Amino acid sequence: MKIDVLLGLQWGDEGKGKIVDVLSPKYDIVARFQGGPNAGHTLIFNNQKYVLHLIPSGIFRENTINIIGDGVVLDPVIFMQEVSGISKAGIDLTKNLFLAEKTNLILPTHRILDAANEKELGKSKIGSTGKGIGPAYTDKVSRNALHIGDILLQNFKEKYENIKQKHLNRLKTYDFDIDEYETKWFAAIDRLKEFNIINSSNFFNNALKEGKKILAEGAQGTLLDINAGTYPFVTSSTVSTAGVCTGLGVAPNKIGEVYGIFKAYTTRVGSGPFPTELFDEDGKKLQELGHEYGATTGRERRCGWLDLVALKYAIQINGVSKLIMTKSDVLEGFGYFKISERYKTNKNKIINYFPNNLLNIKPVLKKFASWKDDLKKCKSKKDFPQELQEYISYIENETKVPITIVSTGADRNETVFC
């Protein structure tokens, strides 16, 4: 057996949570392999809406084990708030949610450091969610982090105080109070001990030997990857398929199918380049019809046409074998929409690759006719209007990857397998 991967191909917010929820009955295990509470995966079913930040999106499937992997950074307070919300749905998470012992903890001072860093950057700020993710990953790389497994050590409090003091030394010029949050943090730490804490690499490799079907769930999107994204306007983790290996403790040859999710158009939250961004009524219409507001931050998402150059780049990096298109219903009744086939540089040179520097890059656009049909009524690909079928075929021909799922709405039932 191999681990299948599901990840975003744009700047996040592609609808990963919904699709993981849809696919999870086919899997024994669903695992988050990177990111932190900056993720916002929205699931809608039975007229209820759930937004997950840390917990894998397979949590509502009774027979599916869900794991938070080594590559994740976890804030105990936010985690326990999420647990409390899901528990109200009658789910006992201590039975089907496991925590990897090398998962990094986000400390109360990490949140203060995050805010301080953004303040220092001023107009050049990254657009952080302010939840301490960046500083937590910084401590990980500088070998100064606390793991979930450390909470079982007798000297855990001492290790915590040592790291906290290093942070306080860097924050001498800032006025803040973490006492209240710190009290909540330690209370949440005690509750973490109620969960199964596992050795990630041992668990996953044994599960594969036993023939278990595993789905790795990514957070954010490829264009936010710390290595492959639009640096420095990126997240702090490896969002791509490569992150599965380090985030779960498995070898590259254990990777199976790679599902890549993209919207029928493009959005971005926060700062950074965005070649196809729209500043006109079309952009506002995409935002309103697509309800493009961050599930985690509530911030307005910047909207633009689909960027085929960026999509091909993300497919290439991740080794995507199957594509999933979401938000196709948003383009209903648009009359027309566009797609960026190539880029034009400031020297009028046409390029068809994703450059390191997107400054002064302009999209070369191709126009498509939209559809008027209500896609929510479609149950199979043959039910799709001709215009949508042509759009799908165009993308498949250009990317050389089949589109196997089309999301026609927010609910888990509004999903068509092609």
# chains A, B, ... in the order shown; residues from 1 in each chain; ligands from 1
>>> residues_around(residues="segment 144-158 of chain A", least_positions_apart="6", cutoff="12 Å", atoms="only C-alpha atoms", output="PyMOL selection string")
chain A and resi 68-76+98-107+110+135-138+164-167+186-200
>>> closest_atom_pairs(of="segment 370-417 of chain A", to="segment 333-354 of chain A", cutoff="8 Å", atoms="only C-alpha atoms", output="tab-separated table")
residue	atom	partner	partner_atom	distance
A:Ser370	CA	A:Tyr336	CA	4.7
A:Trp371	CA	A:Gly333	CA	5.7
A:Lys372	CA	A:Gly333	CA	4.6
A:Asp373	CA	A:Gly333	CA	7.8
>>> write_last_selection(atoms="N, CA and C atoms", output="CSV table (one decimal), in the first residue's frame")
chain,number,residue,atom,x,y,z
A,370,SER,N,-19.3,31.3,-20.5
A,370,SER,CA,-19.8,30.7,-19.2
A,370,SER,C,-21.0,29.8,-19.5
A,371,TRP,N,-21.6,29.3,-18.4
A,371,TRP,CA,-22.8,28.5,-18.5
A,371,TRP,C,-23.9,29.1,-17.6
A,372,LYS,N,-25.1,28.7,-17.9
A,372,LYS,CA,-26.2,29.3,-17.1
A,372,LYS,C,-26.9,28.2,-16.2
A,373,ASP,N,-26.6,27.0,-16.5
A,373,ASP,CA,-27.2,25.9,-15.8
A,373,ASP,C,-26.9,25.9,-14.3
>>> residues_around(residues="Asn413 of chain A", least_positions_apart="3", cutoff="10 Å", atoms="only C-alpha atoms", output="short mmCIF file (atom, residue, chain, number, x, y, z; two decimals) with C-alpha atoms, in the first residue's frame")
data_model
loop_
_atom_site.label_atom_id
_atom_site.label_comp_id
_atom_site.auth_asym_id
_atom_site.auth_seq_id
_atom_site.Cartn_x
_atom_site.Cartn_y
_atom_site.Cartn_z
CA LYS A 18 -14.75 19.33 1.78
CA VAL A 22 -15.95 13.28 0.72
CA ILE A 44 -20.91 21.44 5.28
CA PHE A 45 -23.32 18.54 5.67
CA ASN A 46 -26.70 17.88 7.29
CA LYS A 376 -26.05 21.59 -8.21
CA LYS A 379 -25.16 14.12 -10.84
CA SER A 407 -17.35 20.34 -6.81
CA THR A 408 -20.66 22.01 -7.69
CA GLY A 409 -21.43 23.51 -4.27
CA ALA A 410 -20.33 23.71 -0.65
CA VAL A 416 -19.54 14.96 -9.12
#
>>> select_by_dssp(residues="segment 147-258 of chain A", states="alpha helix (DSSP H)", output="number ranges by chain")
A: 156-170, 179-192, 200-209, 242-248
>>> closest_residue(among="A:Gly260, A:Pro363, A:Pro355, A:Gly247", to="Ser201 of chain A", atoms="only C-alpha atoms")
A:Gly247
>>> residues_around(residues="segment 320-332 of chain A", least_positions_apart="6", cutoff="8 Å", atoms="only C-alpha atoms", output="ChimeraX atom specification")
/A:14-15,257-265,286,289-290,370-376,401-409
>>> residues_around(residues="Val77 of chain A", least_positions_apart="4", cutoff="8 Å", atoms="only C-alpha atoms", output="list in words")
Gln81, Lys184, Trp185 and Ala188 of chain A
>>> closest_residue(among="A:Pro25, A:Val20, A:Gly85, A:Phe384", to="Tyr50 of chain A", atoms="only C-alpha atoms")
A:Gly85
>>> select_by_dssp(residues="segment 208-260 of chain A", states="strand (DSSP E)", output="list in words")
Ile214, Leu215, Ala216, Glu217, Ile255, Gly256, Glu257, Val258, Tyr259 and Gly260 of chain A
>>> write_last_selection(atoms="C-alpha atoms", output="PDB file, in the first residue's frame")
ATOM      1  CA  ILE A 214      -3.997   6.375   4.123  1.00  0.00           C
ATOM      2  CA  LEU A 215      -4.791   9.890   2.872  1.00  0.00           C
ATOM      3  CA  ALA A 216      -2.415  12.758   3.674  1.00  0.00           C
ATOM      4  CA  GLU A 217      -4.237  16.093   3.914  1.00  0.00           C
ATOM      5  CA  ILE A 255       3.623   8.103  -2.077  1.00  0.00           C
ATOM      6  CA  GLY A 256       0.722   6.907  -4.252  1.00  0.00           C
ATOM      7  CA  GLU A 257      -1.920   9.037  -5.969  1.00  0.00           C
ATOM      8  CA  VAL A 258      -1.541  12.798  -5.668  1.00  0.00           C
ATOM      9  CA  TYR A 259      -4.832  14.690  -5.810  1.00  0.00           C
ATOM     10  CA  GLY A 260      -4.360  18.351  -6.676  1.00  0.00           C
TER      11      GLY A 260
END
>>> closest_residue(among="A:Leu359, A:Ala31, A:Leu365, A:Val141", to="Phe204 of chain A", atoms="only C-alpha atoms")
A:Ala31
>>> atom_distance(atom1="atom CA of Ser237 of chain A", atom2="atom CA of Gly35 of chain A")
6.1 Å
>>> atom_distance(atom1="atom CA of Val234 of chain A", atom2="atom CA of Arg302 of chain A")
15.5 Å
>>> residues_around(residues="Cys303 of chain A", least_positions_apart="4", cutoff="7 Å", atoms="only C-alpha atoms", output="list of chain:residue names")
A:Thr266, A:Thr267, A:Arg268, A:Glu277, A:Leu278, A:Gly283, A:Leu286, A:Gln287
>>> closest_residue(among="A:Glu182, A:Asp4, A:Asp13, A:Glu82", to="Ile29 of chain A", atoms="only C-alpha atoms")
A:Asp4
>>> residues_around(residues="segment 218-227 of chain A", least_positions_apart="6", cutoff="6 Å", atoms="only C-alpha atoms", output="list in words")
Leu7, Gly8, Leu9, Gln10, Trp11, Gly12, Gly35, Ala39, Val234, Thr235, Ser236, Ser237, Thr238, Val239 and Ser240 of chain A
>>> closest_residue(among="A:Lys284, A:Lys26, A:Lys16, A:Lys172", to="Pro56 of chain A", atoms="only C-alpha atoms")
A:Lys16
>>> closest_residue(among="A:Asn202, A:Asn360, A:Asn47, A:Gln316", to="Leu248 of chain A", atoms="only C-alpha atoms")
A:Asn202
>>> atom_distance(atom1="atom CA of Pro275 of chain A", atom2="atom CA of Tyr231 of chain A")
14.7 Å
>>> decode(residues="segment 319-369 of chain A", atoms="N, CA and C atoms", output="PDB file, in the first residue's frame")
ATOM      1  N   GLY A 319       3.828  16.337  -8.627  1.00  0.00           N
ATOM      2  CA  GLY A 319       3.597  15.048  -9.270  1.00  0.00           C
ATOM      3  C   GLY A 319       2.125  14.677  -9.246  1.00  0.00           C
ATOM      4  N   VAL A 320       1.270  15.668  -9.501  1.00  0.00           N
ATOM      5  CA  VAL A 320      -0.179  15.440  -9.429  1.00  0.00           C
ATOM      6  C   VAL A 320      -0.620  14.415 -10.469  1.00  0.00           C
ATOM      7  N   SER A 321      -1.401  13.447 -10.030  1.00  0.00           N
ATOM      8  CA  SER A 321      -1.913  12.409 -10.934  1.00  0.00           C
ATOM      9  C   SER A 321      -3.400  12.569 -11.219  1.00  0.00           C
ATOM     10  N   LYS A 322      -4.115  13.300 -10.338  1.00  0.00           N
ATOM     11  CA  LYS A 322      -5.539  13.534 -10.532  1.00  0.00           C
ATOM     12  C   LYS A 322      -5.884  14.951 -10.069  1.00  0.00           C
ATOM     13  N   LEU A 323      -6.693  15.638 -10.880  1.00  0.00           N
ATOM     14  CA  LEU A 323      -7.105  16.999 -10.548  1.00  0.00           C
ATOM     15  C   LEU A 323      -8.533  17.030 -10.013  1.00  0.00           C
ATOM     16  N   ILE A 324      -8.772  17.983  -9.139  1.00  0.00           N
ATOM     17  CA  ILE A 324     -10.105  18.210  -8.585  1.00  0.00           C
ATOM     18  C   ILE A 324     -10.411  19.700  -8.712  1.00  0.00           C
ATOM     19  N   MET A 325     -11.500  20.032  -9.380  1.00  0.00           N
ATOM     20  CA  MET A 325     -11.875  21.429  -9.574  1.00  0.00           C
ATOM     21  C   MET A 325     -13.041  21.803  -8.661  1.00  0.00           C
ATOM     22  N   THR A 326     -12.890  22.889  -7.929  1.00  0.00           N
ATOM     23  CA  THR A 326     -13.945  23.370  -7.040  1.00  0.00           C
ATOM     24  C   THR A 326     -14.436  24.742  -7.502  1.00  0.00           C
ATOM     25  N   LYS A 327     -15.525  25.192  -6.899  1.00  0.00           N
ATOM     26  CA  LYS A 327     -16.119  26.508  -7.154  1.00  0.00           C
ATOM     27  C   LYS A 327     -16.535  26.705  -8.618  1.00  0.00           C
ATOM     28  N   SER A 328     -16.772  25.622  -9.346  1.00  0.00           N
ATOM     29  CA  SER A 328     -17.236  25.758 -10.729  1.00  0.00           C
ATOM     30  C   SER A 328     -18.600  26.438 -10.784  1.00  0.00           C
ATOM     31  N   ASP A 329     -19.397  26.263  -9.726  1.00  0.00           N
ATOM     32  CA  ASP A 329     -20.730  26.861  -9.688  1.00  0.00           C
ATOM     33  C   ASP A 329     -20.688  28.390  -9.615  1.00  0.00           C
ATOM     34  N   VAL A 330     -19.568  28.944  -9.147  1.00  0.00           N
ATOM     35  CA  VAL A 330     -19.454  30.400  -9.012  1.00  0.00           C
ATOM     36  C   VAL A 330     -19.476  31.090 -10.378  1.00  0.00           C
ATOM     37  N   LEU A 331     -19.016  30.385 -11.397  1.00  0.00           N
ATOM     38  CA  LEU A 331     -18.950  30.981 -12.742  1.00  0.00           C
ATOM     39  C   LEU A 331     -20.279  30.894 -13.500  1.00  0.00           C
ATOM     40  N   GLU A 332     -21.292  30.292 -12.872  1.00  0.00           N
ATOM     41  CA  GLU A 332     -22.610  30.207 -13.513  1.00  0.00           C
ATOM     42  C   GLU A 332     -23.141  31.613 -13.823  1.00  0.00           C
ATOM     43  N   GLY A 333     -23.621  31.811 -15.022  1.00  0.00           N
ATOM     44  CA  GLY A 333     -24.250  33.073 -15.359  1.00  0.00           C
ATOM     45  C   GLY A 333     -23.305  34.257 -15.462  1.00  0.00           C
ATOM     46  N   PHE A 334     -22.000  33.999 -15.479  1.00  0.00           N
ATOM     47  CA  PHE A 334     -21.032  35.083 -15.601  1.00  0.00           C
ATOM     48  C   PHE A 334     -21.052  35.702 -16.990  1.00  0.00           C
ATOM     49  N   GLY A 335     -21.561  34.935 -17.959  1.00  0.00           N
ATOM     50  CA  GLY A 335     -21.544  35.396 -19.343  1.00  0.00           C
ATOM     51  C   GLY A 335     -20.264  34.979 -20.034  1.00  0.00           C
ATOM     52  N   TYR A 336     -19.155  35.296 -19.386  1.00  0.00           N
ATOM     53  CA  TYR A 336     -17.851  34.890 -19.885  1.00  0.00           C
ATOM     54  C   TYR A 336     -16.885  34.857 -18.703  1.00  0.00           C
ATOM     55  N   PHE A 337     -15.754  34.232 -18.890  1.00  0.00           N
ATOM     56  CA  PHE A 337     -14.663  34.309 -17.926  1.00  0.00           C
ATOM     57  C   PHE A 337     -13.368  34.099 -18.701  1.00  0.00           C
ATOM     58  N   LYS A 338     -12.252  34.272 -18.037  1.00  0.00           N
ATOM     59  CA  LYS A 338     -10.976  34.177 -18.728  1.00  0.00           C
ATOM     60  C   LYS A 338     -10.011  33.261 -17.982  1.00  0.00           C
ATOM     61  N   ILE A 339      -8.926  32.903 -18.684  1.00  0.00           N
ATOM     62  CA  ILE A 339      -7.877  32.087 -18.101  1.00  0.00           C
ATOM     63  C   ILE A 339      -6.539  32.591 -18.628  1.00  0.00           C
ATOM     64  N   SER A 340      -5.554  32.633 -17.765  1.00  0.00           N
ATOM     65  CA  SER A 340      -4.228  33.075 -18.182  1.00  0.00           C
ATOM     66  C   SER A 340      -3.454  31.878 -18.737  1.00  0.00           C
ATOM     67  N   GLU A 341      -3.194  31.913 -20.040  1.00  0.00           N
ATOM     68  CA  GLU A 341      -2.467  30.812 -20.691  1.00  0.00           C
ATOM     69  C   GLU A 341      -0.958  30.972 -20.557  1.00  0.00           C
ATOM     70  N   ARG A 342      -0.490  32.204 -20.607  1.00  0.00           N
ATOM     71  CA  ARG A 342       0.938  32.506 -20.563  1.00  0.00           C
ATOM     72  C   ARG A 342       1.135  33.840 -19.847  1.00  0.00           C
ATOM     73  N   TYR A 343       2.398  34.241 -19.686  1.00  0.00           N
ATOM     74  CA  TYR A 343       2.732  35.525 -19.097  1.00  0.00           C
ATOM     75  C   TYR A 343       3.461  36.395 -20.117  1.00  0.00           C
ATOM     76  N   LYS A 344       3.362  37.718 -19.899  1.00  0.00           N
ATOM     77  CA  LYS A 344       4.144  38.671 -20.680  1.00  0.00           C
ATOM     78  C   LYS A 344       5.002  39.482 -19.709  1.00  0.00           C
ATOM     79  N   THR A 345       6.308  39.557 -19.976  1.00  0.00           N
ATOM     80  CA  THR A 345       7.206  40.318 -19.120  1.00  0.00           C
ATOM     81  C   THR A 345       7.153  41.802 -19.478  1.00  0.00           C
ATOM     82  N   ASN A 346       7.831  42.629 -18.661  1.00  0.00           N
ATOM     83  CA  ASN A 346       7.840  44.070 -18.929  1.00  0.00           C
ATOM     84  C   ASN A 346       8.622  44.423 -20.202  1.00  0.00           C
ATOM     85  N   LYS A 347       9.324  43.422 -20.762  1.00  0.00           N
ATOM     86  CA  LYS A 347      10.027  43.619 -22.026  1.00  0.00           C
ATOM     87  C   LYS A 347       9.253  42.993 -23.186  1.00  0.00           C
ATOM     88  N   ASN A 348       7.956  42.724 -22.927  1.00  0.00           N
ATOM     89  CA  ASN A 348       7.052  42.142 -23.926  1.00  0.00           C
ATOM     90  C   ASN A 348       7.483  40.750 -24.394  1.00  0.00           C
ATOM     91  N   LYS A 349       8.226  40.055 -23.557  1.00  0.00           N
ATOM     92  CA  LYS A 349       8.606  38.682 -23.860  1.00  0.00           C
ATOM     93  C   LYS A 349       7.518  37.745 -23.338  1.00  0.00           C
ATOM     94  N   ILE A 350       7.080  36.799 -24.160  1.00  0.00           N
ATOM     95  CA  ILE A 350       6.063  35.838 -23.743  1.00  0.00           C
ATOM     96  C   ILE A 350       6.752  34.624 -23.134  1.00  0.00           C
ATOM     97  N   ILE A 351       6.342  34.253 -21.920  1.00  0.00           N
ATOM     98  CA  ILE A 351       6.895  33.071 -21.257  1.00  0.00           C
ATOM     99  C   ILE A 351       5.759  32.157 -20.821  1.00  0.00           C
ATOM    100  N   ASN A 352       6.044  30.865 -20.748  1.00  0.00           N
ATOM    101  CA  ASN A 352       5.024  29.892 -20.348  1.00  0.00           C
ATOM    102  C   ASN A 352       5.455  29.110 -19.114  1.00  0.00           C
ATOM    103  N   TYR A 353       6.373  29.695 -18.332  1.00  0.00           N
ATOM    104  CA  TYR A 353       6.798  29.064 -17.088  1.00  0.00           C
ATOM    105  C   TYR A 353       6.593  30.038 -15.933  1.00  0.00           C
ATOM    106  N   PHE A 354       6.609  29.501 -14.720  1.00  0.00           N
ATOM    107  CA  PHE A 354       6.367  30.295 -13.512  1.00  0.00           C
ATOM    108  C   PHE A 354       7.705  30.844 -13.011  1.00  0.00           C
ATOM    109  N   PRO A 355       7.950  32.148 -13.179  1.00  0.00           N
ATOM    110  CA  PRO A 355       9.256  32.710 -12.812  1.00  0.00           C
ATOM    111  C   PRO A 355       9.399  32.928 -11.310  1.00  0.00           C
ATOM    112  N   ASN A 356      10.635  33.075 -10.875  1.00  0.00           N
ATOM    113  CA  ASN A 356      10.898  33.328  -9.463  1.00  0.00           C
ATOM    114  C   ASN A 356      10.359  34.694  -9.043  1.00  0.00           C
ATOM    115  N   ASN A 357      10.458  35.663  -9.936  1.00  0.00           N
ATOM    116  CA  ASN A 357      10.005  37.022  -9.642  1.00  0.00           C
ATOM    117  C   ASN A 357       8.802  37.356 -10.521  1.00  0.00           C
ATOM    118  N   LEU A 358       7.659  37.593  -9.891  1.00  0.00           N
ATOM    119  CA  LEU A 358       6.434  37.896 -10.633  1.00  0.00           C
ATOM    120  C   LEU A 358       6.205  39.391 -10.793  1.00  0.00           C
ATOM    121  N   LEU A 359       7.182  40.187 -10.388  1.00  0.00           N
ATOM    122  CA  LEU A 359       7.050  41.629 -10.519  1.00  0.00           C
ATOM    123  C   LEU A 359       6.983  42.022 -11.997  1.00  0.00           C
ATOM    124  N   ASN A 360       6.010  42.851 -12.336  1.00  0.00           N
ATOM    125  CA  ASN A 360       5.802  43.343 -13.709  1.00  0.00           C
ATOM    126  C   ASN A 360       5.358  42.254 -14.695  1.00  0.00           C
ATOM    127  N   ILE A 361       4.920  41.124 -14.176  1.00  0.00           N
ATOM    128  CA  ILE A 361       4.387  40.056 -15.027  1.00  0.00           C
ATOM    129  C   ILE A 361       2.910  40.340 -15.320  1.00  0.00           C
ATOM    130  N   LYS A 362       2.515  40.232 -16.581  1.00  0.00           N
ATOM    131  CA  LYS A 362       1.123  40.421 -16.979  1.00  0.00           C
ATOM    132  C   LYS A 362       0.586  39.126 -17.582  1.00  0.00           C
ATOM    133  N   PRO A 363      -0.682  38.797 -17.311  1.00  0.00           N
ATOM    134  CA  PRO A 363      -1.253  37.564 -17.861  1.00  0.00           C
ATOM    135  C   PRO A 363      -1.664  37.731 -19.325  1.00  0.00           C
ATOM    136  N   VAL A 364      -1.480  36.690 -20.103  1.00  0.00           N
ATOM    137  CA  VAL A 364      -1.998  36.633 -21.474  1.00  0.00           C
ATOM    138  C   VAL A 364      -3.272  35.793 -21.397  1.00  0.00           C
ATOM    139  N   LEU A 365      -4.425  36.426 -21.616  1.00  0.00           N
ATOM    140  CA  LEU A 365      -5.711  35.815 -21.289  1.00  0.00           C
ATOM    141  C   LEU A 365      -6.436  35.228 -22.496  1.00  0.00           C
ATOM    142  N   LYS A 366      -7.135  34.127 -22.231  1.00  0.00           N
ATOM    143  CA  LYS A 366      -8.011  33.488 -23.221  1.00  0.00           C
ATOM    144  C   LYS A 366      -9.428  33.538 -22.681  1.00  0.00           C
ATOM    145  N   LYS A 367     -10.396  33.885 -23.527  1.00  0.00           N
ATOM    146  CA  LYS A 367     -11.784  34.079 -23.115  1.00  0.00           C
ATOM    147  C   LYS A 367     -12.618  32.827 -23.349  1.00  0.00           C
ATOM    148  N   PHE A 368     -13.488  32.516 -22.381  1.00  0.00           N
ATOM    149  CA  PHE A 368     -14.386  31.366 -22.474  1.00  0.00           C
ATOM    150  C   PHE A 368     -15.822  31.816 -22.229  1.00  0.00           C
ATOM    151  N   ALA A 369     -16.755  31.143 -22.869  1.00  0.00           N
ATOM    152  CA  ALA A 369     -18.172  31.370 -22.579  1.00  0.00           C
ATOM    153  C   ALA A 369     -18.545  30.641 -21.298  1.00  0.00           C
TER     154      ALA A 369
END
